[in-house]
Amino acid sequence: MTNAWRKAAKAARAERGRAADSAGGFAGACDNGGVTAVSTLPVLSGDPGYGDPADALPDAPGSALKLDLPPLTLGPITVDTPVILAPMAGITNRAFRRLCREYGGGLYVSEMVTSRALVERSPESMRIISHDDDEAVRSVQLYGVDPKTVGAAVRLLVEEDRADHIDLNFGCPVPKVTRKGGGAALPWKLDLFTGIVQTAVREASKGNVPLTIKMRKGIDEDHLTFREAGKIARDSGVAAVALHGRTAAQFYSGQADWNAIAELREALPDIPVLGNGDIWSAEDAVRMVQQTGVDGVVIGRGCQGRPWLFGDLVNAFEGSSSRHRPGLGQVADTVYRHAELLVETFGSEMMGLRDIRKHMAWYFKGYVVGGELRAKLASVPTLEVLRGLLDELDKDSPYPGQDAEGPRGRAGSPKKTALPEHWLDGRVLNAAQQADIAAAEVDVSGG
């Protein structure tokens, strides 16, 4: 990194900090250092409906909000557009990552893969970590609860040159994960968390591969972990920390706590802190940056059925008010393309079409699509049938406006987090828990 870039980055962060302070938020200065080796650049397709700038319609004059952030530095990697696609089980496979990349630049993380399954080279785990040849940064997220197994998985990725960036999952709220002490439950045990992070960083550093972590606030409001976990991760040498502003008990319900994200940003001024939660639009991303001072934003459910959100974010970085508002015909074309890519990804039409079904409600949220047709789309068996069903849509139907915006996906409801017996009795593993913790190394998915 040049001195000029350092000065520009510091100036940008300082300005952002002043804006955050005036808005009642937190801010922190950060100088990350590093050498630029890879840059992710916006890739826009010329095919209308797949990311053509002509599909982006302007807002009312004077309504533009600028997303003012310098590039994100993760070790030797520079992400010119500091926007990260959150790893989502069953969503962020090669097909969906390609769709998102065609609209904008950023860092696109694969689905979470279980460390033990990867070490054992299960066919599914090897599929999950596969990347297209043109993915500038091959990003993989690992889940694990045993330091040795996580270390072995990182070593495999590094020695076999299968990843340029590795992320560790400490945010999964799914009961089958947390009841074994994994995911969002794990940082409660400080010794276990420290052991996993330190081991993973050590193995990743052998190949100069940056390692990051993604976590939640904690188990519930009475058992928060993000403060200690963030500092342990920083001291262990991680390249960045991402915080989802919810507890495991919240699942995806309620509102993300951006104040917690701001607090972590202020507490860790010497590494990048990334914010996740309730970013449904480019305007939400701008507000998060202004309120929290984060170095980048992590996009999860907001892009489900809306891969063009990454195009909106690129426009926001450029200070443009243009936003993608596709008509029904453009959405139909994107759905069909997504299905084709899924067939290619899985190598099976049956599996590809089975996977596209869950995306239908997200893509057509707010659009005029009859109930009977929606039901058929949700059980579509082949590409030929899909083409026929999509042809039944009114392709001239315009963007429905606010009805297509906002939250998507299942939020769930607050619930008591499933945990191992006596998990909350102390912050260190007892003998029984130490013996049982490897049982959490099952082939599970979450995010």
# chains A, B, ... in the order shown; residues from 1 in each chain; ligands from 1
>>> residues_around(residues="segment 162-165 of chain A", least_positions_apart="5", cutoff="7 Å", atoms="only C-alpha atoms", output="list in words")
Val137, Arg138, Ser139, Val140, Leu157, Val209, Pro210 and Leu211 of chain A
>>> residues_around(residues="Ser397 of chain A", least_positions_apart="3", cutoff="7 Å", atoms="only C-alpha atoms", output="MDAnalysis selection string")
chainID A and resid 327:328 394
>>> write_last_selection(atoms="C-alpha atoms", output="PDB file, in the first residue's frame")
ATOM      1  CA  GLY A 327     -40.015  -5.312 -14.621  1.00  0.00           C
ATOM      2  CA  LEU A 328     -41.569  -8.755 -14.465  1.00  0.00           C
ATOM      3  CA  ASP A 394     -47.198 -10.592 -18.049  1.00  0.00           C
TER       4      ASP A 394
END
>>> closest_residue(among="A:Leu224, A:Ala117, A:Met126, A:Met88", to="Phe346 of chain A", atoms="only C-alpha atoms")
A:Met126
>>> residues_around(residues="Ala418 of chain A", least_positions_apart="2", cutoff="12 Å", atoms="only C-alpha atoms", output="PyMOL selection string")
chain A and resi 172-185+219-220+248-249+251+415-416+420-424
>>> decode(residues="segment 60-97 of chain A", atoms="N, CA and C atoms", output="short mmCIF file (atom, residue, chain, number, x, y, z; two decimals), in the first residue's frame")
data_model
loop_
_atom_site.label_atom_id
_atom_site.label_comp_id
_atom_site.auth_asym_id
_atom_site.auth_seq_id
_atom_site.Cartn_x
_atom_site.Cartn_y
_atom_site.Cartn_z
N ALA A 60 -35.51 10.16 -7.59
CA ALA A 60 -35.81 11.58 -7.76
C ALA A 60 -34.53 12.39 -7.61
N PRO A 61 -34.39 13.49 -8.34
CA PRO A 61 -33.17 14.31 -8.25
C PRO A 61 -32.86 14.71 -6.82
N GLY A 62 -31.57 14.65 -6.49
CA GLY A 62 -31.12 15.10 -5.18
C GLY A 62 -31.28 14.07 -4.09
N SER A 63 -31.74 12.84 -4.44
CA SER A 63 -31.98 11.84 -3.40
C SER A 63 -30.80 10.89 -3.20
N ALA A 64 -29.72 11.08 -3.97
CA ALA A 64 -28.60 10.15 -3.90
C ALA A 64 -27.87 10.25 -2.57
N LEU A 65 -27.53 9.08 -2.02
CA LEU A 65 -26.70 8.98 -0.83
C LEU A 65 -25.44 8.26 -1.24
N LYS A 66 -24.30 8.81 -0.90
CA LYS A 66 -23.05 8.21 -1.35
C LYS A 66 -22.46 7.30 -0.28
N LEU A 67 -22.06 6.10 -0.72
CA LEU A 67 -21.40 5.15 0.17
C LEU A 67 -19.91 5.41 0.07
N ASP A 68 -19.39 6.18 1.04
CA ASP A 68 -18.02 6.70 0.94
C ASP A 68 -17.07 5.86 1.79
N LEU A 69 -16.45 4.87 1.15
CA LEU A 69 -15.51 3.99 1.84
C LEU A 69 -14.30 3.73 0.95
N PRO A 70 -13.10 3.66 1.52
CA PRO A 70 -11.94 3.25 0.73
C PRO A 70 -11.98 1.74 0.50
N PRO A 71 -11.13 1.21 -0.38
CA PRO A 71 -11.07 -0.24 -0.59
C PRO A 71 -10.79 -0.97 0.72
N LEU A 72 -11.25 -2.21 0.78
CA LEU A 72 -11.06 -3.05 1.96
C LEU A 72 -9.81 -3.91 1.75
N THR A 73 -8.87 -3.83 2.70
CA THR A 73 -7.64 -4.61 2.61
C THR A 73 -7.69 -5.79 3.57
N LEU A 74 -7.55 -6.99 3.00
CA LEU A 74 -7.49 -8.22 3.78
C LEU A 74 -6.17 -8.90 3.43
N GLY A 75 -5.14 -8.65 4.22
CA GLY A 75 -3.83 -9.20 3.90
C GLY A 75 -3.39 -8.75 2.52
N PRO A 76 -3.07 -9.70 1.63
CA PRO A 76 -2.62 -9.34 0.29
C PRO A 76 -3.75 -9.01 -0.68
N ILE A 77 -4.99 -9.09 -0.21
CA ILE A 77 -6.15 -8.89 -1.08
C ILE A 77 -6.71 -7.49 -0.89
N THR A 78 -7.01 -6.83 -1.98
CA THR A 78 -7.72 -5.56 -1.93
C THR A 78 -9.08 -5.74 -2.59
N VAL A 79 -10.12 -5.47 -1.85
CA VAL A 79 -11.49 -5.52 -2.37
C VAL A 79 -11.89 -4.08 -2.66
N ASP A 80 -11.87 -3.71 -3.92
CA ASP A 80 -12.11 -2.31 -4.28
C ASP A 80 -13.47 -1.82 -3.82
N THR A 81 -14.47 -2.68 -3.92
CA THR A 81 -15.81 -2.35 -3.43
C THR A 81 -16.02 -3.13 -2.14
N PRO A 82 -15.95 -2.50 -0.97
CA PRO A 82 -15.99 -3.23 0.31
C PRO A 82 -17.39 -3.72 0.68
N VAL A 83 -17.88 -4.59 -0.18
CA VAL A 83 -19.19 -5.21 0.01
C VAL A 83 -18.99 -6.72 -0.04
N ILE A 84 -19.53 -7.43 0.94
CA ILE A 84 -19.31 -8.87 1.05
C ILE A 84 -20.64 -9.59 0.97
N LEU A 85 -20.72 -10.60 0.11
CA LEU A 85 -21.88 -11.48 0.08
C LEU A 85 -21.74 -12.47 1.22
N ALA A 86 -22.68 -12.44 2.15
CA ALA A 86 -22.61 -13.33 3.31
C ALA A 86 -22.78 -14.78 2.87
N PRO A 87 -22.03 -15.69 3.46
CA PRO A 87 -22.23 -17.11 3.16
C PRO A 87 -23.60 -17.55 3.67
N MET A 88 -24.42 -18.10 2.79
CA MET A 88 -25.74 -18.56 3.18
C MET A 88 -25.94 -19.98 2.67
N ALA A 89 -26.24 -20.89 3.59
CA ALA A 89 -26.39 -22.30 3.24
C ALA A 89 -27.49 -22.48 2.21
N GLY A 90 -27.16 -23.20 1.15
CA GLY A 90 -28.13 -23.48 0.11
C GLY A 90 -28.41 -22.30 -0.81
N ILE A 91 -27.69 -21.20 -0.63
CA ILE A 91 -27.93 -20.00 -1.43
C ILE A 91 -26.68 -19.59 -2.21
N THR A 92 -25.57 -19.39 -1.51
CA THR A 92 -24.40 -18.75 -2.13
C THR A 92 -23.49 -19.77 -2.81
N ASN A 93 -24.08 -20.60 -3.64
CA ASN A 93 -23.30 -21.53 -4.45
C ASN A 93 -22.74 -20.81 -5.67
N ARG A 94 -22.05 -21.54 -6.52
CA ARG A 94 -21.41 -20.91 -7.68
C ARG A 94 -22.42 -20.17 -8.56
N ALA A 95 -23.60 -20.73 -8.72
CA ALA A 95 -24.60 -20.12 -9.59
C ALA A 95 -25.02 -18.74 -9.07
N PHE A 96 -25.36 -18.66 -7.80
CA PHE A 96 -25.83 -17.39 -7.25
C PHE A 96 -24.70 -16.38 -7.18
N ARG A 97 -23.50 -16.84 -6.83
CA ARG A 97 -22.37 -15.92 -6.78
C ARG A 97 -22.11 -15.30 -8.15
#
